>>> print(open('upload-v3.txt').read())   # compact mmCIF, C-alpha atoms
# COMPACT_ATOMS: atom_id res chain seq x y z
CA MET A 25 75.60 112.75 50.92
CA ALA A 26 78.85 110.82 50.54
CA GLN A 27 80.28 109.36 53.72
CA MET A 28 83.61 107.91 54.71
CA PRO A 29 83.63 104.13 54.31
CA ARG A 30 83.77 102.08 57.51
CA SER A 31 87.23 100.81 56.48
CA ALA A 32 88.50 104.41 56.73
CA VAL A 33 87.47 104.54 60.40
CA ASP A 34 89.12 101.17 60.98
CA SER A 35 92.40 102.51 59.56
CA LEU A 36 92.12 105.51 61.93
CA VAL A 37 91.89 103.06 64.83
CA LEU A 38 94.87 101.05 63.56
CA GLY A 39 96.86 104.26 63.05
CA ARG A 40 95.98 105.32 66.64
CA VAL A 41 94.43 108.57 65.37
CA ILE A 42 91.29 107.51 67.20
CA GLY A 43 92.61 107.51 70.73
CA ASP A 44 95.57 109.89 70.37
CA VAL A 45 93.70 112.78 68.69
CA VAL A 46 89.96 112.12 68.49
CA ASP A 47 87.40 109.76 69.97
CA MET A 48 85.54 107.05 68.06
CA PHE A 49 82.99 108.57 65.68
CA VAL A 50 80.53 107.72 62.94
CA PRO A 51 81.51 109.44 59.68
CA LEU A 52 78.99 112.06 58.55
CA ALA A 53 80.95 113.70 55.74
CA GLU A 54 83.55 113.04 53.09
CA LEU A 55 86.96 114.65 53.50
CA VAL A 56 89.16 114.86 50.40
CA VAL A 57 92.71 116.17 50.83
CA ARG A 58 95.06 116.69 47.88
CA TYR A 59 98.65 117.83 47.72
CA GLY A 60 98.86 118.81 44.08
CA ALA A 61 97.56 115.84 42.10
CA THR A 62 98.12 113.41 44.99
CA GLN A 63 95.03 112.53 47.01
CA ILE A 64 95.89 111.31 50.48
CA SER A 65 94.50 108.16 51.99
CA ASN A 66 94.90 106.97 55.56
CA GLY A 67 98.46 105.97 56.31
CA CYS A 68 99.93 107.00 52.95
CA GLU A 69 103.36 108.62 52.87
CA ILE A 70 103.88 112.25 51.90
CA LYS A 71 107.46 113.54 51.69
CA PRO A 72 107.92 116.88 53.51
CA PRO A 73 108.65 118.91 50.33
CA MET A 74 105.37 117.68 48.81
CA GLY A 75 103.55 119.16 51.82
CA ASP A 76 105.19 122.58 51.69
CA GLU A 77 102.19 124.14 49.93
CA ARG A 78 98.80 124.21 51.59
CA PRO A 79 96.67 121.28 50.38
CA THR A 80 93.29 121.50 48.74
CA VAL A 81 90.71 120.25 51.25
CA HIS A 82 87.08 119.59 50.34
CA ILE A 83 84.45 118.68 52.91
CA ARG A 84 81.18 117.25 51.63
CA GLY A 85 78.38 116.64 54.08
CA SER A 86 75.05 117.89 55.35
CA SER A 87 76.32 120.70 57.59
CA ASN A 88 76.37 124.32 56.44
CA TYR A 89 79.75 124.99 58.11
CA TYR A 90 82.77 122.98 59.20
CA SER A 91 85.95 123.46 61.20
CA LEU A 92 89.18 121.79 60.08
CA VAL A 93 92.08 120.90 62.35
CA MET A 94 95.46 119.56 61.19
CA VAL A 95 97.77 118.29 63.93
CA ASP A 96 100.90 116.22 64.46
CA PRO A 97 100.37 114.03 67.54
CA ASP A 98 103.97 112.75 67.34
CA ALA A 99 105.93 115.99 67.86
CA PRO A 100 108.80 116.24 68.36
CA ASN A 101 109.55 112.52 68.47
CA PRO A 102 107.06 109.64 68.05
CA SER A 103 108.62 107.82 71.02
CA GLU A 104 108.41 110.97 73.20
CA PRO A 105 105.62 113.23 71.88
CA THR A 106 106.15 115.96 74.49
CA PHE A 107 104.64 118.66 72.20
CA ARG A 108 101.51 116.60 71.43
CA GLU A 109 99.55 117.91 69.58
CA TRP A 110 101.47 120.27 67.30
CA LEU A 111 98.94 122.46 65.49
CA HIS A 112 99.67 122.68 61.77
CA TRP A 113 96.48 124.35 60.56
CA LEU A 114 93.13 125.53 61.88
CA VAL A 115 90.29 126.79 59.70
CA VAL A 116 86.70 127.54 60.77
CA ASP A 117 83.51 128.50 58.95
CA ILE A 118 84.25 126.37 55.89
CA PRO A 119 81.04 126.26 53.87
CA GLY A 120 79.85 122.67 53.39
CA GLY A 121 80.69 121.32 49.95
CA SER A 122 83.53 123.77 49.39
CA ASP A 123 87.26 124.05 49.85
CA ALA A 124 88.93 125.02 53.14
CA SER A 125 90.25 128.14 51.43
CA LYS A 126 86.67 129.53 51.67
CA GLY A 127 86.80 129.41 55.49
CA LYS A 128 88.47 131.65 58.09
CA GLU A 129 92.06 130.66 58.79
CA VAL A 130 92.70 130.82 62.55
CA MET A 131 96.20 129.30 62.45
CA PRO A 132 98.11 129.53 59.14
CA TYR A 133 99.12 126.32 57.38
CA MET A 134 102.48 124.78 58.25
CA GLY A 135 103.61 121.77 56.23
CA PRO A 136 105.06 118.57 57.67
CA GLN A 137 108.52 119.01 59.19
CA PRO A 138 109.26 115.84 61.14
CA PRO A 139 112.60 116.31 62.97
CA VAL A 140 113.04 112.59 63.66
CA GLY A 141 111.12 109.38 62.97
CA THR A 142 107.84 108.92 61.16
CA HIS A 143 105.08 111.34 62.17
CA ARG A 144 101.32 111.18 61.62
CA TYR A 145 99.60 114.29 60.29
CA VAL A 146 95.90 114.27 61.05
CA PHE A 147 93.12 116.22 59.33
CA ALA A 148 89.81 116.23 61.19
CA ALA A 149 86.62 118.01 60.10
CA PHE A 150 83.90 118.96 62.58
CA GLN A 151 80.34 120.14 61.98
CA GLN A 152 79.55 123.60 63.29
CA HIS A 153 76.11 124.68 64.56
CA GLY A 154 76.40 127.85 62.47
CA GLN A 155 79.07 130.41 61.74
CA MET A 156 81.44 131.08 64.63
CA GLU A 157 81.19 134.61 65.96
CA ALA A 158 84.57 134.10 67.61
CA VAL A 159 86.89 131.20 68.29
CA THR A 160 86.97 130.52 72.02
CA ALA A 161 90.53 130.33 73.40
CA LYS A 162 92.07 131.01 69.98
CA PRO A 163 95.43 129.20 69.85
CA VAL A 164 98.45 131.47 69.70
CA GLU A 165 101.13 128.76 69.74
CA ARG A 166 101.44 125.51 67.85
CA PRO A 167 102.76 123.09 70.51
CA HIS A 168 100.46 121.46 73.09
CA PHE A 169 97.27 122.10 71.13
CA SER A 170 94.42 119.80 72.17
CA THR A 171 91.84 118.94 69.55
CA ARG A 172 89.50 117.68 72.27
CA ARG A 173 89.84 120.88 74.30
CA PHE A 174 89.25 123.00 71.16
CA LEU A 175 86.08 121.01 70.45
CA ALA A 176 84.78 121.41 73.99
CA GLU A 177 85.55 125.14 74.18
CA ASN A 178 83.84 125.81 70.85
CA GLU A 179 80.89 123.46 71.35
CA LEU A 180 81.81 121.15 68.51
CA GLY A 181 81.14 117.43 68.66
CA LEU A 182 82.81 114.33 67.35
CA PRO A 183 84.52 114.47 63.96
CA ALA A 184 82.40 114.34 60.83
CA ALA A 185 85.44 112.96 58.98
CA ALA A 186 89.18 112.42 59.47
CA LEU A 187 92.23 111.43 57.44
CA TYR A 188 95.92 111.08 58.19
CA PHE A 189 99.17 110.63 56.36
CA GLU A 190 102.67 109.84 57.51
CA SER A 191 105.86 111.73 56.82
CA SER A 192 109.50 111.15 57.68
CA LYS A 193 112.53 113.39 57.59
CA ILE A 194 114.38 113.03 54.29
>>> encode(input="upload-v3.txt", output="C-alpha cells")
Amino acid sequence: MAQMPRSAVDSLVLGRVIGDVVDMFVPLAELVVRYGATQISNGCEIKPPMGDERPTVHIRGSSNYYSLVMVDPDAPNPSEPTFREWLHWLVVDIPGGSDASKGKEVMPYMGPQPPVGTHRYVFAAFQQHGQMEAVTAKPVERPHFSTRRFLAENELGLPAAALYFESSKI
C-alpha cells in the first residue's frame, strides 16, 4: 500500500490545513488529484478556470470504502473566513483503489471561485467502516460546513490522506 510521505503531512501543517480543517493524522492512503494532465501537490496554484471541471481523484489504501471532502476554509475572504468551511464537493462510498466518480456524490462538485485573496482548497479522504446506508445530517448548503462535525456524525476517523491547492481570483 502506498502512503503519503511524511513531508506531505508537514506541508499540511505549514499550510494550516491541519488545524483549520482536520486534526493531525498519520497517512494511511495515497490521494492523487488531477485537473486534466496537472497533478496537484500541496500548496500548488490552480487557476479557477482550470478547476471548472471535476478533477480525477484516486484513493489507494487498505480500506474497502472512502469518503472524500473538498472544502475552502478561507471563504469568503482569507482574512475573515466567515463562511468557513465552504463545501465544494462531498462523495461517499468510493471503492478503495478507484476514482471518486465510482462513489455516491452527496454534494455536487463546485470548482474554485475565490472572490478575493488566495484561498486554500482542501481534499481529505477518510476510511469508512463499510458502505454508508445513509449520510447522517446530509449537508444541504455549502457555507458553514464542518469537516470535523461530518466525521463525528458519520463515525469516520482521522483522514487517511489529504491534499490542498491554492487559487486566486484572476
>>> residues_near_point(input="upload-v3.txt", point="(90.6, 123.1, 70.4)", cutoff="9 Å", atoms="all atoms listed in the file", output="PyMOL selection string")
chain A and resi 93+160-163+169-178
>>> closest_residue(input="upload-v3.txt", among="A:His143, A:Lys126, A:Lys193, A:Lys71", to="A:Glu104", atoms="only C-alpha atoms")
A:His143
>>> closest_atom_pairs(input="upload-v3.txt", of="stretch 64-171 of chain A", to="stretch 35-43 of chain A", cutoff="10 Å", atoms="all atoms listed in the file", output="CSV")
residue,atom,partner,partner_atom,distance
A:Ser65,CA,A:Ser35,CA,9.7
A:Asn66,CA,A:Ser35,CA,6.5
A:Gly67,CA,A:Gly39,CA,7.1
A:Pro97,CA,A:Val41,CA,8.4
A:Arg144,CA,A:Val41,CA,8.3
A:Tyr145,CA,A:Val41,CA,9.2
A:Val146,CA,A:Val41,CA,7.3
A:Phe147,CA,A:Val41,CA,9.8
A:Ala148,CA,A:Val41,CA,9.9
>>> write_last_selection(input="upload-v3.txt", atoms="C-alpha atoms", output="PDB file, in the frame of the given file")
ATOM      1  CA  SER A  65      94.500 108.160  51.990  1.00  0.00           C
ATOM      2  CA  ASN A  66      94.900 106.970  55.560  1.00  0.00           C
ATOM      3  CA  GLY A  67      98.460 105.970  56.310  1.00  0.00           C
ATOM      4  CA  PRO A  97     100.370 114.030  67.540  1.00  0.00           C
ATOM      5  CA  ARG A 144     101.320 111.180  61.620  1.00  0.00           C
ATOM      6  CA  TYR A 145      99.600 114.290  60.290  1.00  0.00           C
ATOM      7  CA  VAL A 146      95.900 114.270  61.050  1.00  0.00           C
ATOM      8  CA  PHE A 147      93.120 116.220  59.330  1.00  0.00           C
ATOM      9  CA  ALA A 148      89.810 116.230  61.190  1.00  0.00           C
TER      10      ALA A 148
END
>>> atom_distance(input="upload-v3.txt", atom1="atom CA of A:Val56", atom2="atom CA of A:Ile194")
25.6 Å
>>> closest_residue(input="upload-v3.txt", among="A:Asn101, A:Thr62, A:Ser91, A:Ser86", to="A:Val159", atoms="all atoms listed in the file")
A:Ser91
>>> atom_distance(input="upload-v3.txt", atom1="atom CA of A:Ala53", atom2="atom CA of A:Arg166")
26.6 Å
>>> closest_residue(input="upload-v3.txt", among="A:Glu165, A:Ile118, A:Ala99, A:Thr106", to="A:Val81", atoms="all atoms listed in the file")
A:Ile118
>>> closest_residue(input="upload-v3.txt", among="A:Leu182, A:Ala124, A:Met131, A:Val33", to="A:Arg58", atoms="all atoms listed in the file")
A:Ala124
>>> atom_distance(input="upload-v3.txt", atom1="atom CA of A:Trp113", atom2="atom CA of A:Gln152")
17.2 Å
>>> closest_residue(input="upload-v3.txt", among="A:Thr142, A:Ala186, A:Pro119, A:Tyr133", to="A:Glu69", atoms="only C-alpha atoms")
A:Thr142
>>> closest_residue(input="upload-v3.txt", among="A:His153, A:Lys128, A:Arg78, A:Arg108", to="A:Val95", atoms="only C-alpha atoms")
A:Arg108
>>> residues_near_point(input="upload-v3.txt", point="(82.1, 122.4, 50.8)", cutoff="8 Å", atoms="only C-alpha atoms", output="list in words")
His82, Ile83, Arg84, Gly85, Ile118, Pro119, Gly120, Gly121, Ser122, Asp123 and Ala124 of chain A
>>> decode(input="upload-v3.txt", residues="stretch 151-183 of chain A", atoms="N, CA and C atoms", output="PDB file, in the first residue's frame")
ATOM      1  N   GLN A 151     -11.350   6.862   5.708  1.00  0.00           N
ATOM      2  CA  GLN A 151     -11.745   5.463   5.627  1.00  0.00           C
ATOM      3  C   GLN A 151     -13.139   5.297   6.209  1.00  0.00           C
ATOM      4  N   GLN A 152     -13.940   4.482   5.528  1.00  0.00           N
ATOM      5  CA  GLN A 152     -15.266   4.130   6.025  1.00  0.00           C
ATOM      6  C   GLN A 152     -15.193   2.720   6.613  1.00  0.00           C
ATOM      7  N   HIS A 153     -16.112   2.400   7.519  1.00  0.00           N
ATOM      8  CA  HIS A 153     -16.175   1.069   8.122  1.00  0.00           C
ATOM      9  C   HIS A 153     -16.907   0.087   7.224  1.00  0.00           C
ATOM     10  N   GLY A 154     -17.510   0.566   6.169  1.00  0.00           N
ATOM     11  CA  GLY A 154     -18.298  -0.210   5.226  1.00  0.00           C
ATOM     12  C   GLY A 154     -19.079   0.791   4.399  1.00  0.00           C
ATOM     13  N   GLN A 155     -19.967   0.323   3.559  1.00  0.00           N
ATOM     14  CA  GLN A 155     -20.778   1.265   2.793  1.00  0.00           C
ATOM     15  C   GLN A 155     -21.718   2.009   3.737  1.00  0.00           C
ATOM     16  N   MET A 156     -21.970   3.277   3.409  1.00  0.00           N
ATOM     17  CA  MET A 156     -22.883   4.084   4.218  1.00  0.00           C
ATOM     18  C   MET A 156     -24.312   3.806   3.772  1.00  0.00           C
ATOM     19  N   GLU A 157     -25.144   3.409   4.705  1.00  0.00           N
ATOM     20  CA  GLU A 157     -26.566   3.226   4.405  1.00  0.00           C
ATOM     21  C   GLU A 157     -27.197   4.584   4.103  1.00  0.00           C
ATOM     22  N   ALA A 158     -26.804   5.573   4.895  1.00  0.00           N
ATOM     23  CA  ALA A 158     -27.286   6.941   4.719  1.00  0.00           C
ATOM     24  C   ALA A 158     -26.257   7.882   5.315  1.00  0.00           C
ATOM     25  N   VAL A 159     -26.181   9.074   4.768  1.00  0.00           N
ATOM     26  CA  VAL A 159     -25.292  10.097   5.307  1.00  0.00           C
ATOM     27  C   VAL A 159     -26.051  10.825   6.407  1.00  0.00           C
ATOM     28  N   THR A 160     -25.504  10.801   7.609  1.00  0.00           N
ATOM     29  CA  THR A 160     -26.126  11.472   8.733  1.00  0.00           C
ATOM     30  C   THR A 160     -25.984  12.978   8.547  1.00  0.00           C
ATOM     31  N   ALA A 161     -27.069  13.713   8.771  1.00  0.00           N
ATOM     32  CA  ALA A 161     -27.067  15.175   8.646  1.00  0.00           C
ATOM     33  C   ALA A 161     -26.496  15.595   7.293  1.00  0.00           C
ATOM     34  N   LYS A 162     -27.062  15.043   6.230  1.00  0.00           N
ATOM     35  CA  LYS A 162     -26.618  15.364   4.866  1.00  0.00           C
ATOM     36  C   LYS A 162     -26.640  16.876   4.657  1.00  0.00           C
ATOM     37  N   PRO A 163     -25.504  17.454   4.222  1.00  0.00           N
ATOM     38  CA  PRO A 163     -25.472  18.907   4.015  1.00  0.00           C
ATOM     39  C   PRO A 163     -26.389  19.331   2.879  1.00  0.00           C
ATOM     40  N   VAL A 164     -27.096  20.419   3.084  1.00  0.00           N
ATOM     41  CA  VAL A 164     -27.971  20.956   2.044  1.00  0.00           C
ATOM     42  C   VAL A 164     -27.460  22.299   1.527  1.00  0.00           C
ATOM     43  N   GLU A 165     -26.561  22.916   2.287  1.00  0.00           N
ATOM     44  CA  GLU A 165     -25.956  24.187   1.884  1.00  0.00           C
ATOM     45  C   GLU A 165     -24.448  24.047   1.913  1.00  0.00           C
ATOM     46  N   ARG A 166     -23.791  24.902   1.175  1.00  0.00           N
ATOM     47  CA  ARG A 166     -22.329  24.852   1.096  1.00  0.00           C
ATOM     48  C   ARG A 166     -21.623  25.630   2.214  1.00  0.00           C
ATOM     49  N   PRO A 167     -22.107  26.815   2.608  1.00  0.00           N
ATOM     50  CA  PRO A 167     -21.373  27.545   3.648  1.00  0.00           C
ATOM     51  C   PRO A 167     -21.518  26.887   5.023  1.00  0.00           C
ATOM     52  N   HIS A 168     -20.520  27.120   5.862  1.00  0.00           N
ATOM     53  CA  HIS A 168     -20.507  26.687   7.265  1.00  0.00           C
ATOM     54  C   HIS A 168     -20.481  25.174   7.439  1.00  0.00           C
ATOM     55  N   PHE A 169     -20.005  24.448   6.427  1.00  0.00           N
ATOM     56  CA  PHE A 169     -19.813  23.012   6.575  1.00  0.00           C
ATOM     57  C   PHE A 169     -18.683  22.799   7.570  1.00  0.00           C
ATOM     58  N   SER A 170     -18.745  21.745   8.339  1.00  0.00           N
ATOM     59  CA  SER A 170     -17.665  21.399   9.262  1.00  0.00           C
ATOM     60  C   SER A 170     -17.215  19.977   8.975  1.00  0.00           C
ATOM     61  N   THR A 171     -15.998  19.846   8.487  1.00  0.00           N
ATOM     62  CA  THR A 171     -15.449  18.521   8.221  1.00  0.00           C
ATOM     63  C   THR A 171     -15.447  17.699   9.496  1.00  0.00           C
ATOM     64  N   ARG A 172     -15.025  18.299  10.596  1.00  0.00           N
ATOM     65  CA  ARG A 172     -14.968  17.566  11.866  1.00  0.00           C
ATOM     66  C   ARG A 172     -16.358  17.099  12.310  1.00  0.00           C
ATOM     67  N   ARG A 173     -17.360  17.934  12.160  1.00  0.00           N
ATOM     68  CA  ARG A 173     -18.717  17.548  12.548  1.00  0.00           C
ATOM     69  C   ARG A 173     -19.218  16.417  11.641  1.00  0.00           C
ATOM     70  N   PHE A 174     -18.952  16.522  10.324  1.00  0.00           N
ATOM     71  CA  PHE A 174     -19.333  15.470   9.391  1.00  0.00           C
ATOM     72  C   PHE A 174     -18.695  14.139   9.796  1.00  0.00           C
ATOM     73  N   LEU A 175     -17.431  14.169  10.166  1.00  0.00           N
ATOM     74  CA  LEU A 175     -16.739  12.947  10.576  1.00  0.00           C
ATOM     75  C   LEU A 175     -17.380  12.347  11.819  1.00  0.00           C
ATOM     76  N   ALA A 176     -17.650  13.186  12.804  1.00  0.00           N
ATOM     77  CA  ALA A 176     -18.247  12.697  14.046  1.00  0.00           C
ATOM     78  C   ALA A 176     -19.640  12.120  13.803  1.00  0.00           C
ATOM     79  N   GLU A 177     -20.458  12.822  13.036  1.00  0.00           N
ATOM     80  CA  GLU A 177     -21.838  12.377  12.793  1.00  0.00           C
ATOM     81  C   GLU A 177     -21.906  11.087  11.983  1.00  0.00           C
ATOM     82  N   ASN A 178     -20.883  10.827  11.177  1.00  0.00           N
ATOM     83  CA  ASN A 178     -20.884   9.642  10.325  1.00  0.00           C
ATOM     84  C   ASN A 178     -19.875   8.583  10.775  1.00  0.00           C
ATOM     85  N   GLU A 179     -19.380   8.745  11.982  1.00  0.00           N
ATOM     86  CA  GLU A 179     -18.461   7.782  12.603  1.00  0.00           C
ATOM     87  C   GLU A 179     -17.239   7.481  11.740  1.00  0.00           C
ATOM     88  N   LEU A 180     -16.665   8.536  11.206  1.00  0.00           N
ATOM     89  CA  LEU A 180     -15.416   8.442  10.465  1.00  0.00           C
ATOM     90  C   LEU A 180     -14.313   8.975  11.362  1.00  0.00           C
ATOM     91  N   GLY A 181     -13.100   8.538  11.137  1.00  0.00           N
ATOM     92  CA  GLY A 181     -11.991   8.958  11.981  1.00  0.00           C
ATOM     93  C   GLY A 181     -11.157  10.050  11.344  1.00  0.00           C
ATOM     94  N   LEU A 182      -9.898  10.027  11.689  1.00  0.00           N
ATOM     95  CA  LEU A 182      -8.947  10.983  11.136  1.00  0.00           C
ATOM     96  C   LEU A 182      -8.768  10.727   9.645  1.00  0.00           C
ATOM     97  N   PRO A 183      -8.250  11.709   8.909  1.00  0.00           N
ATOM     98  CA  PRO A 183      -8.043  11.493   7.473  1.00  0.00           C
ATOM     99  C   PRO A 183      -7.090  10.332   7.205  1.00  0.00           C
TER     100      PRO A 183
END
